[in-house]
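Visitor: Sharing input.txt, compact mmCIF, C-alpha atoms and all ligand atoms:
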```txt
# COMPACT_ATOMS: atom_id res chain seq x y z
CA MET A 1 0.00 0.00 0.00
CA LEU A 2 2.82 2.39 0.94
CA SER A 3 4.65 1.79 -2.33
CA ARG A 4 1.41 2.20 -4.33
CA ILE A 5 0.74 5.53 -2.62
CA ALA A 6 4.37 6.60 -3.05
CA ARG A 7 4.07 5.88 -6.80
CA HIS A 8 0.56 7.16 -7.52
CA GLY A 9 -0.28 9.55 -4.66
CA PRO A 10 -3.07 9.44 -2.01
CA ILE A 11 -6.04 7.09 -2.38
CA ARG A 12 -9.52 7.22 -0.86
CA PHE A 13 -10.31 5.43 2.40
CA ASP A 14 -12.63 2.92 0.71
CA GLU A 15 -9.75 1.75 -1.51
CA VAL A 16 -7.60 1.18 1.58
CA MET A 17 -10.43 -0.76 3.25
CA GLU A 18 -10.92 -2.81 0.08
CA ALA A 19 -7.23 -3.75 -0.02
CA ALA A 20 -6.99 -4.33 3.73
CA LEU A 21 -9.87 -6.84 3.65
CA TYR A 22 -9.79 -8.39 0.19
CA ASP A 23 -6.39 -7.99 -1.49
CA PRO A 24 -5.83 -11.50 -2.91
CA GLU A 25 -2.32 -11.75 -1.41
CA ALA A 26 -2.42 -9.65 1.73
CA GLY A 27 -6.10 -8.96 2.56
CA PHE A 28 -7.58 -10.01 5.90
CA TYR A 29 -10.16 -12.39 4.38
CA ALA A 30 -7.77 -13.70 1.73
CA THR A 31 -5.11 -14.69 4.24
CA ALA A 32 -6.25 -15.61 7.75
CA GLY A 33 -9.32 -13.72 8.91
CA GLN A 34 -12.73 -15.25 9.51
CA ALA A 35 -15.72 -15.43 11.81
CA GLY A 36 -15.86 -18.20 14.41
CA ARG A 37 -14.74 -19.34 17.83
CA ARG A 38 -11.22 -19.86 16.48
CA GLY A 39 -11.52 -16.83 14.24
CA ASP A 40 -11.46 -13.09 14.92
CA PHE A 41 -15.08 -12.33 15.86
CA LEU A 42 -18.21 -14.30 16.62
CA THR A 43 -21.31 -13.95 14.43
CA SER A 44 -24.80 -15.33 15.15
CA ALA A 45 -24.10 -18.05 12.59
CA GLU A 46 -20.89 -19.10 14.31
CA LEU A 47 -22.29 -19.03 17.84
CA GLY A 48 -23.94 -22.44 17.29
CA PRO A 49 -26.64 -24.19 15.23
CA LEU A 50 -29.68 -22.35 16.66
CA PHE A 51 -29.51 -19.30 14.36
CA GLY A 52 -29.50 -21.60 11.31
CA ALA A 53 -32.34 -23.67 12.76
CA VAL A 54 -34.52 -20.56 13.07
CA LEU A 55 -33.51 -19.37 9.59
CA ALA A 56 -34.54 -22.80 8.26
CA ARG A 57 -38.02 -22.09 9.64
CA ALA A 58 -38.02 -18.63 8.08
CA LEU A 59 -37.08 -20.22 4.73
CA ASP A 60 -40.06 -22.57 5.06
CA THR A 61 -42.37 -19.59 5.67
CA TRP A 62 -41.02 -17.75 2.63
CA TRP A 63 -41.13 -20.92 0.51
CA GLU A 64 -44.77 -21.51 1.36
CA ALA A 65 -45.59 -17.82 0.84
CA ALA A 66 -44.11 -18.14 -2.66
CA GLY A 67 -46.36 -21.15 -3.43
CA SER A 68 -43.80 -23.88 -2.53
CA PRO A 69 -41.75 -23.58 -5.76
CA HIS A 70 -39.51 -26.44 -6.84
CA PRO A 71 -36.67 -25.64 -7.11
CA PHE A 72 -36.49 -23.06 -4.33
CA VAL A 73 -33.24 -21.09 -4.80
CA VAL A 74 -31.78 -19.38 -1.74
CA VAL A 75 -28.59 -17.34 -2.03
CA GLU A 76 -26.51 -16.66 1.07
CA ALA A 77 -24.10 -13.82 0.29
CA GLY A 78 -20.92 -13.43 2.34
CA ALA A 79 -21.26 -17.06 3.41
CA GLY A 80 -17.81 -17.28 5.01
CA SER A 81 -16.76 -20.90 5.50
CA GLY A 82 -20.37 -22.16 5.16
CA THR A 83 -21.32 -22.60 8.81
CA LEU A 84 -24.80 -21.08 8.44
CA ALA A 85 -25.52 -23.25 5.38
CA ARG A 86 -24.59 -26.38 7.36
CA SER A 87 -26.86 -25.36 10.26
CA VAL A 88 -29.79 -24.60 7.93
CA LEU A 89 -29.49 -27.94 6.14
CA HIS A 90 -28.94 -29.82 9.40
CA ALA A 91 -32.25 -28.39 10.67
CA GLN A 92 -34.08 -30.27 7.87
CA PRO A 93 -36.42 -27.50 6.66
CA ARG A 94 -39.69 -28.63 5.05
CA CYS A 95 -38.49 -27.07 1.77
CA ARG A 96 -35.38 -29.31 1.72
CA ASP A 97 -36.27 -31.41 -1.34
CA ALA A 98 -36.75 -28.22 -3.36
CA LEU A 99 -33.90 -26.29 -1.74
CA ARG A 100 -30.96 -25.09 -3.81
CA TYR A 101 -28.70 -23.28 -1.33
CA VAL A 102 -26.20 -21.03 -3.10
CA LEU A 103 -23.24 -19.91 -1.02
CA VAL A 104 -21.61 -16.73 -2.35
CA GLU A 105 -18.23 -15.97 -0.85
CA ARG A 106 -15.56 -13.66 -2.21
CA SER A 107 -12.60 -15.23 -0.41
CA ALA A 108 -11.21 -18.28 -2.27
CA ARG A 109 -9.71 -19.54 1.00
CA LEU A 110 -13.13 -19.56 2.70
CA ARG A 111 -14.87 -20.93 -0.40
CA ALA A 112 -12.56 -23.93 -0.25
CA ALA A 113 -14.24 -24.89 3.04
CA HIS A 114 -17.69 -25.15 1.41
CA ALA A 115 -16.99 -28.69 0.22
CA ASP A 116 -16.72 -29.78 3.83
CA GLY A 117 -20.00 -31.37 4.88
CA LEU A 118 -22.21 -29.69 2.26
CA PRO A 119 -23.91 -31.48 -0.67
CA LEU A 120 -22.06 -29.39 -3.30
CA ALA A 121 -23.32 -29.65 -6.87
CA LEU A 122 -22.74 -27.86 -10.17
CA PRO A 123 -24.26 -24.37 -10.47
CA THR A 124 -26.35 -25.57 -13.45
CA HIS A 125 -28.18 -27.87 -11.04
CA ALA A 126 -29.22 -24.99 -8.83
CA PHE A 127 -30.67 -22.50 -11.27
CA ALA A 128 -33.79 -23.71 -12.96
CA ALA A 129 -33.87 -20.70 -15.25
CA THR A 130 -30.32 -21.24 -16.46
CA ALA A 131 -30.04 -25.02 -16.14
CA GLY A 132 -31.22 -25.83 -19.63
CA SER A 133 -30.45 -24.13 -22.86
CA ASP A 134 -32.45 -22.53 -25.61
CA GLY A 135 -30.38 -24.19 -28.31
CA GLU A 136 -32.21 -27.18 -29.80
CA ASP A 137 -28.92 -28.87 -30.73
CA GLU A 138 -27.49 -28.76 -27.24
CA PRO A 139 -27.59 -31.97 -25.20
CA ALA A 140 -30.11 -32.02 -22.38
CA PRO A 141 -28.47 -31.27 -19.03
CA ALA A 142 -27.94 -34.16 -16.64
CA PRO A 143 -30.87 -34.44 -14.23
CA ALA A 144 -30.38 -32.47 -11.03
CA PRO A 145 -29.66 -34.55 -7.94
CA ALA A 146 -32.40 -34.67 -5.29
CA GLY A 147 -32.43 -31.72 -2.94
CA PRO A 148 -31.11 -30.18 -0.92
CA ILE A 149 -28.28 -29.09 -3.20
CA ALA A 150 -25.56 -26.60 -2.27
CA VAL A 151 -23.62 -24.52 -4.77
CA SER A 152 -20.54 -22.37 -4.12
CA LEU A 153 -19.97 -19.15 -6.11
CA ASP A 154 -17.64 -16.15 -5.85
CA ALA A 155 -20.25 -13.54 -6.81
CA LEU A 156 -24.03 -13.11 -6.91
CA PRO A 157 -25.74 -15.19 -9.63
CA PRO A 158 -27.47 -13.48 -12.60
CA PRO A 159 -30.66 -11.41 -12.20
CA GLY A 160 -33.90 -13.29 -11.64
CA THR A 161 -32.31 -16.62 -10.70
CA ALA A 162 -33.23 -16.90 -7.00
CA HIS A 163 -36.21 -16.63 -4.67
CA VAL A 164 -34.33 -15.30 -1.62
CA VAL A 165 -31.01 -13.54 -1.07
CA LEU A 166 -29.85 -13.32 2.52
CA ALA A 167 -26.70 -11.90 4.06
CA ASN A 168 -25.58 -12.05 7.66
CA GLU A 169 -22.96 -9.45 8.54
CA LEU A 170 -21.93 -8.81 4.95
CA LEU A 171 -22.88 -5.16 4.45
CA ASP A 172 -20.76 -3.96 7.39
CA ASN A 173 -17.72 -5.47 5.67
CA LEU A 174 -18.15 -3.62 2.38
CA PRO A 175 -15.73 -0.69 1.87
CA VAL A 176 -16.92 2.77 2.88
CA ARG A 177 -15.85 6.29 2.04
CA LEU A 178 -15.28 8.53 5.05
CA LEU A 179 -16.47 12.14 5.14
CA GLU A 180 -15.66 14.82 7.68
CA LEU A 181 -17.33 18.19 8.15
CA ALA A 182 -14.74 20.97 8.09
CA ALA A 183 -15.27 24.74 8.42
CA GLU A 184 -15.53 25.08 4.63
CA GLY A 185 -17.93 22.13 4.15
CA TRP A 186 -17.78 18.35 3.78
CA THR A 187 -14.33 16.92 3.14
CA GLU A 188 -13.28 13.34 2.38
CA VAL A 189 -10.64 11.21 4.09
CA TRP A 190 -7.92 10.21 1.65
CA VAL A 191 -4.87 8.22 2.67
CA GLY A 192 -1.29 9.29 2.04
CA ALA A 193 2.12 8.16 3.31
CA ASP A 194 4.38 9.92 5.74
CA GLY A 195 7.69 8.48 6.94
CA GLY A 196 6.72 4.87 6.24
CA ARG A 197 3.21 4.99 7.71
CA LEU A 198 -0.25 5.70 6.33
CA VAL A 199 -1.80 9.03 7.27
CA GLU A 200 -5.16 10.70 6.66
CA ILE A 201 -5.43 13.65 4.27
CA LEU A 202 -8.66 15.66 4.09
CA LEU A 203 -9.67 16.82 0.60
CA PRO A 204 -12.89 18.49 -0.60
CA ALA A 205 -15.69 15.91 -0.98
CA GLY A 206 -16.44 16.67 -4.61
CA ASP A 207 -19.20 14.29 -5.70
CA VAL A 208 -21.02 13.73 -2.38
CA VAL A 209 -24.12 15.74 -1.52
CA LEU A 210 -25.01 15.55 2.18
CA ALA A 211 -28.02 17.43 3.52
CA LEU A 212 -27.04 16.96 7.13
CA SER A 213 -26.53 19.45 9.91
CA ALA A 214 -23.60 18.47 12.08
CA GLU A 215 -20.82 20.01 14.11
CA ALA A 216 -17.39 20.66 12.63
CA GLY A 217 -15.29 17.52 12.98
CA ALA A 218 -18.32 15.20 12.62
CA ARG A 219 -17.72 12.13 10.45
CA VAL A 220 -20.04 9.87 8.46
CA ALA A 221 -19.53 6.81 6.27
CA TRP A 222 -20.67 6.98 2.63
CA GLN A 223 -21.73 3.42 1.83
CA ARG A 224 -21.90 3.20 -1.96
CA HIS A 225 -20.79 -0.45 -2.01
CA ALA A 226 -23.56 -1.52 0.39
CA VAL A 227 -26.12 0.45 -1.64
CA GLN A 228 -24.90 -1.21 -4.85
CA TRP A 229 -25.10 -4.64 -3.22
CA VAL A 230 -28.74 -4.08 -2.21
CA SER A 231 -29.54 -2.93 -5.72
CA ASP A 232 -27.83 -6.02 -7.22
CA ALA A 233 -29.45 -8.41 -4.74
CA LEU A 234 -32.91 -7.03 -5.56
CA GLU A 235 -32.21 -7.87 -9.20
CA VAL A 236 -31.38 -11.45 -8.24
CA ALA A 237 -34.43 -12.13 -6.04
CA GLU A 238 -37.62 -10.41 -4.95
CA ARG A 239 -36.96 -11.17 -1.27
CA VAL A 240 -33.72 -9.82 0.21
CA ILE A 241 -32.80 -10.05 3.89
CA ALA A 242 -29.74 -8.31 5.33
CA ILE A 243 -28.88 -8.82 8.99
CA ASP A 244 -26.42 -6.35 10.44
CA TYR A 245 -25.70 -3.64 12.98
CA ALA A 246 -27.61 -0.68 11.65
CA THR A 247 -27.64 3.04 12.24
CA THR A 248 -28.40 6.21 10.25
CA THR A 249 -26.10 8.75 8.63
CA ASP A 250 -27.44 11.38 11.01
CA ALA A 251 -26.68 9.23 14.07
CA MET A 252 -23.16 8.57 12.79
CA ALA A 253 -22.51 12.31 12.64
CA ARG A 254 -23.42 12.63 16.32
CA ARG A 255 -21.14 9.81 17.57
CA PRO A 256 -17.36 9.39 17.67
CA TRP A 257 -16.49 7.76 14.33
CA ARG A 258 -14.41 4.98 15.88
CA GLU A 259 -17.58 3.81 17.65
CA TRP A 260 -19.27 2.93 14.32
CA LEU A 261 -16.15 2.07 12.30
CA ARG A 262 -14.42 -0.65 14.28
CA THR A 263 -11.54 -3.08 13.90
CA TYR A 264 -11.27 -6.61 15.32
CA GLN A 265 -8.46 -9.08 15.63
CA GLY A 266 -8.48 -12.39 17.48
CA HIS A 267 -11.75 -11.55 19.33
CA ALA A 268 -10.31 -8.27 20.64
CA VAL A 269 -10.85 -4.71 19.49
CA GLY A 270 -8.14 -3.95 16.93
CA SER A 271 -6.07 -0.85 16.30
CA ASP A 272 -6.30 2.18 14.01
CA PRO A 273 -7.83 1.10 10.66
CA LEU A 274 -4.76 2.44 8.84
CA ALA A 275 -2.38 0.37 10.98
CA ASP A 276 -1.69 -3.36 10.63
CA LEU A 277 -3.39 -3.50 7.21
CA GLY A 278 -4.59 -6.99 6.36
CA THR A 279 -4.22 -8.36 9.89
CA GLN A 280 -7.48 -7.03 11.30
CA ASP A 281 -11.13 -6.85 10.30
CA ILE A 282 -12.53 -3.41 9.47
CA THR A 283 -16.27 -3.13 9.91
CA CYS A 284 -18.75 -0.27 9.69
CA GLU A 285 -22.32 0.01 10.99
CA VAL A 286 -24.82 0.20 8.15
CA ALA A 287 -26.75 3.44 7.51
CA LEU A 288 -30.37 2.43 6.84
CA ASP A 289 -31.24 5.74 5.20
CA GLN A 290 -28.52 5.18 2.58
CA LEU A 291 -29.81 1.67 1.74
CA ALA A 292 -33.38 3.02 1.50
CA VAL A 293 -32.32 5.12 -1.49
CA VAL A 294 -32.41 1.89 -3.55
CA ARG A 295 -35.85 1.05 -2.20
CA GLU A 296 -37.46 1.54 1.21
CA PRO A 297 -37.22 -1.80 3.08
CA ASP A 298 -40.60 -3.47 3.71
CA ARG A 299 -39.64 -4.36 7.25
CA VAL A 300 -36.87 -3.52 9.72
CA GLU A 301 -36.94 -5.30 13.06
CA SER A 302 -34.50 -6.37 15.73
CA GLN A 303 -32.85 -9.75 15.40
CA ALA A 304 -34.53 -10.73 18.68
CA ASP A 305 -38.01 -9.99 17.26
CA PHE A 306 -37.20 -11.68 13.95
CA LEU A 307 -35.95 -14.87 15.63
CA ARG A 308 -38.95 -14.98 17.97
CA SER A 309 -41.39 -14.55 15.10
CA HIS A 310 -39.80 -17.55 13.37
CA GLY A 311 -40.01 -20.00 16.26
CA LEU A 312 -37.01 -19.36 18.50
CA ASP A 313 -39.00 -19.79 21.73
CA GLY A 314 -40.35 -23.20 20.67
CA LEU A 315 -36.87 -24.44 19.79
CA VAL A 316 -35.57 -23.25 23.16
CA ALA A 317 -38.47 -24.95 24.97
CA ASP A 318 -37.55 -28.22 23.17
CA GLY A 319 -33.92 -27.72 24.27
CA ARG A 320 -34.94 -27.08 27.86
CA ALA A 321 -37.14 -30.19 27.91
CA ALA A 322 -34.25 -32.29 26.54
CA TRP A 323 -31.93 -30.88 29.20
CA GLU A 324 -34.39 -31.51 32.03
CA ALA A 325 -35.06 -35.04 30.82
CA GLY A 326 -31.39 -35.97 30.49
CA ALA A 327 -29.52 -33.67 32.87
CA ALA A 328 -28.80 -36.44 35.38
CA THR A 329 -27.20 -38.72 32.79
CA GLY A 330 -25.56 -35.90 30.81
CA GLY A 331 -26.46 -37.43 27.43
CA LEU A 332 -25.54 -35.62 24.20
CA GLU A 333 -29.13 -34.52 23.51
CA ALA A 334 -29.39 -33.04 27.01
CA ILE A 335 -26.13 -31.13 26.60
CA ARG A 336 -27.23 -29.86 23.19
CA GLY A 337 -30.49 -28.74 24.79
CA ARG A 338 -28.65 -26.81 27.47
CA SER A 339 -26.34 -25.07 25.01
CA ARG A 340 -29.39 -24.09 22.94
CA ILE A 341 -30.69 -22.15 25.97
CA GLY A 342 -27.38 -20.27 26.29
CA GLU A 343 -27.22 -19.64 22.55
CA ALA A 344 -30.72 -18.16 22.52
CA GLU A 345 -29.79 -15.74 25.30
CA ALA A 346 -26.85 -14.45 23.26
CA LEU A 347 -28.88 -14.27 20.02
CA ILE A 348 -31.58 -12.08 21.57
CA ASP A 349 -29.41 -9.99 23.91
CA ALA A 350 -30.52 -6.45 23.08
CA SER A 351 -27.06 -5.03 23.82
CA GLY A 352 -25.40 -7.56 21.50
CA LEU A 353 -26.54 -9.76 18.62
CA GLY A 354 -30.23 -9.37 19.51
CA GLY A 355 -29.96 -5.65 18.81
CA PHE A 356 -28.87 -6.22 15.21
CA SER A 357 -31.38 -5.18 12.56
CA VAL A 358 -33.05 -7.59 10.17
CA ILE A 359 -33.73 -5.52 7.06
CA GLN A 360 -36.19 -7.09 4.62
CA TRP A 361 -37.27 -6.25 1.13
CA SER A 362 -40.03 -8.70 0.32
CA GLY A 363 -41.19 -7.97 -3.18
CA ARG A 364 -43.08 -5.23 -4.89
C1 LIG A 401 -18.24 -10.79 8.65
S1 LIG A 401 -18.04 -12.11 7.56
C2 LIG A 401 -19.60 -12.93 7.82
C3 LIG A 401 -19.56 -14.39 7.51
C4 LIG A 401 -20.89 -15.14 7.74
N1 LIG A 401 -21.97 -14.54 7.00
C5 LIG A 401 -21.25 -15.19 9.20
O1 LIG A 401 -22.28 -14.65 9.58
O2 LIG A 401 -20.49 -15.79 9.98
C6 LIG A 401 -18.26 -11.36 5.96
C7 LIG A 401 -17.95 -12.29 4.81
O3 LIG A 401 -18.38 -11.67 3.59
C8 LIG A 401 -17.41 -11.95 2.58
N2 LIG A 401 -17.59 -10.94 1.52
C9 LIG A 401 -17.24 -9.65 1.51
N3 LIG A 401 -17.63 -9.04 0.38
C10 LIG A 401 -18.28 -9.96 -0.36
C11 LIG A 401 -18.94 -9.94 -1.60
N4 LIG A 401 -19.02 -8.83 -2.33
N5 LIG A 401 -19.50 -11.08 -2.05
C12 LIG A 401 -19.43 -12.21 -1.31
N6 LIG A 401 -18.81 -12.30 -0.11
C13 LIG A 401 -18.25 -11.18 0.37
C14 LIG A 401 -16.10 -11.87 3.33
O4 LIG A 401 -15.04 -12.49 2.62
C15 LIG A 401 -16.47 -12.58 4.64
O5 LIG A 401 -16.28 -13.96 4.55
```
Could you spell out this file's structure in structure tokens?
Guide:
Amino acid sequence: MLSRIARHGPIRFDEVMEAALYDPEAGFYATAGQAGRRGDFLTSAELGPLFGAVLARALDTWWEAAGSPHPFVVVEAGAGSGTLARSVLHAQPRCRDALRYVLVERSARLRAAHADGLPLALPTHAFAATAGSDGEDEPAPAPAPAGPIAVSLDALPPPGTAHVVLANELLDNLPVRLLELAAEGWTEVWVGADGGRLVEILLPAGDVVLALSAEAGARVAWQRHAVQWVSDALEVAERVIAIDYATTTDAMARRPWREWLRTYQGHAVGSDPLADLGTQDITCEVALDQLAVVREPDRVESQADFLRSHGLDGLVADGRAAWEAGAATGGLEAIRGRSRIGEAEALIDASGLGGFSVIQWSGR
């Protein structure tokens, strides 16, 4: 990064974030970073199987609402190593025979883990609309294996090919531009080099129009990549669900910027985002008002409310009953039941994962 800046001059913050996270040789996700107990941060999906079990129920609701289509194509974007997919399939949703579960993950290293324990098949088997061919001379495609089928891709599939696109903690990981209000108006954070280290440089924010009253020194993130992702996802499927820590541009301007733009490394809060590039995660709360420019979401609710409305309490009651029935003998089912109770507490904790927002666009 230093040599690139020395050669070509300062670059915008979003380009630094892009390289820090996704550079194929030195980026955090390309090299070592990932969610999980042995990773750098814990997501709802990595906490245990309960989140996936509830999502499996949500998928059944959406499948039935769509008229139980066969195939039923669900895209999970930012799928990491595939943990959520495994939990969803393990929960045996009613839609399983029709289910084509498409994992989309940018990191080749994490994609390589998708083969582990998932029924991976060729992409042509997942997409009904693209599986065949219009050409009369072309051989008929091999029949698709029975569902559920999983498919691993590095980018979203073509428009109109899926019923649902969901993303857990993806949008916060997409690069952001950083703006700061100076005496003369909004400026943008660019990154230059000084004595072998990266430093911020404030330049006029040319193409950004912000109708926001804030105090001098206030910062906001400009989330063009997240906005583009929502727009692309809505082309792929009518129902899009993004789960993330959400805020508004206005709220960002009233808080210290390092509160909403954070770094993580090995389950601890990391350092300055311009230091230790590629060795720490850089994540930014998602401004709902910016996403709504694509289209107003049909529903925004807390993760706790979303999970409850899709059967969390019943699954916890089953877990508690299993624990009470087998506590004395300490059988596997009883221990699983007890950990389900603990998992649920973490998933609905309003000051943690339960306070995340589930943002849904559910069709026109
Ligand atoms: C914070 S992790 C979340 C992983 C998983 N969803 C979970 O909940 O544990 C974000 C993941 O999104 C991936 N990612 C980032 N940008 C992406 C993109 N444009 N398309 C697909 N995956 C992307 C990253 O490589 C990373 O694995």
Visitor: Excluding region 204-219 of chain A and any residue of its chain fewer than 2 positions from it, enumerate the residues within 6 Å of it, using all atoms listed in the file, and give them as a PyMOL selection string.
Guide: chain A and resi 179-182+186-188+253+257
Visitor: Could you give me, as an MDAnalysis selection string, every polymer residue with an atom at most 6 Å away from an atom of ligand LIG 401 (chain A), counting only C-alpha atoms and all ligand atoms?
Guide: chainID A and resid 29 35 43 45:46 77:80 104:107 155 168:170 173:174
Visitor: Between A:Ala221, A:Ala91, A:Ile11, A:Ile201, which is the closest to Asp60 (chain A) once you count only C-alpha atoms?
Guide: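 The closest residue to Asp60 (chain A) is A:Ala91.
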Visitor: What does the distance from CA of Asp349 (chain A) to CA of Tyr245 (chain A) come to in Å, to one decimal?
Guide: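 CA of Asp349 (chain A) sits 13.2 Å away from CA of Tyr245 (chain A).
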Visitor: CA of Ala304 (chain A) to CA of Ala350 (chain A): how many Å, to one decimal?
Guide: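 CA of Ala350 (chain A) lies at a distance of 7.3 Å from CA of Ala304 (chain A).
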Visitor: When distances are computed from only C-alpha atoms, which of A:Ala193, A:Val165, A:Val236, A:Ile348 shows the smallest separation from Ser3 (chain A)?
Guide: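 Ranking A:Ala193, A:Val165, A:Val236, A:Ile348 by distance to Ser3 (chain A), first place goes to A:Ala193.
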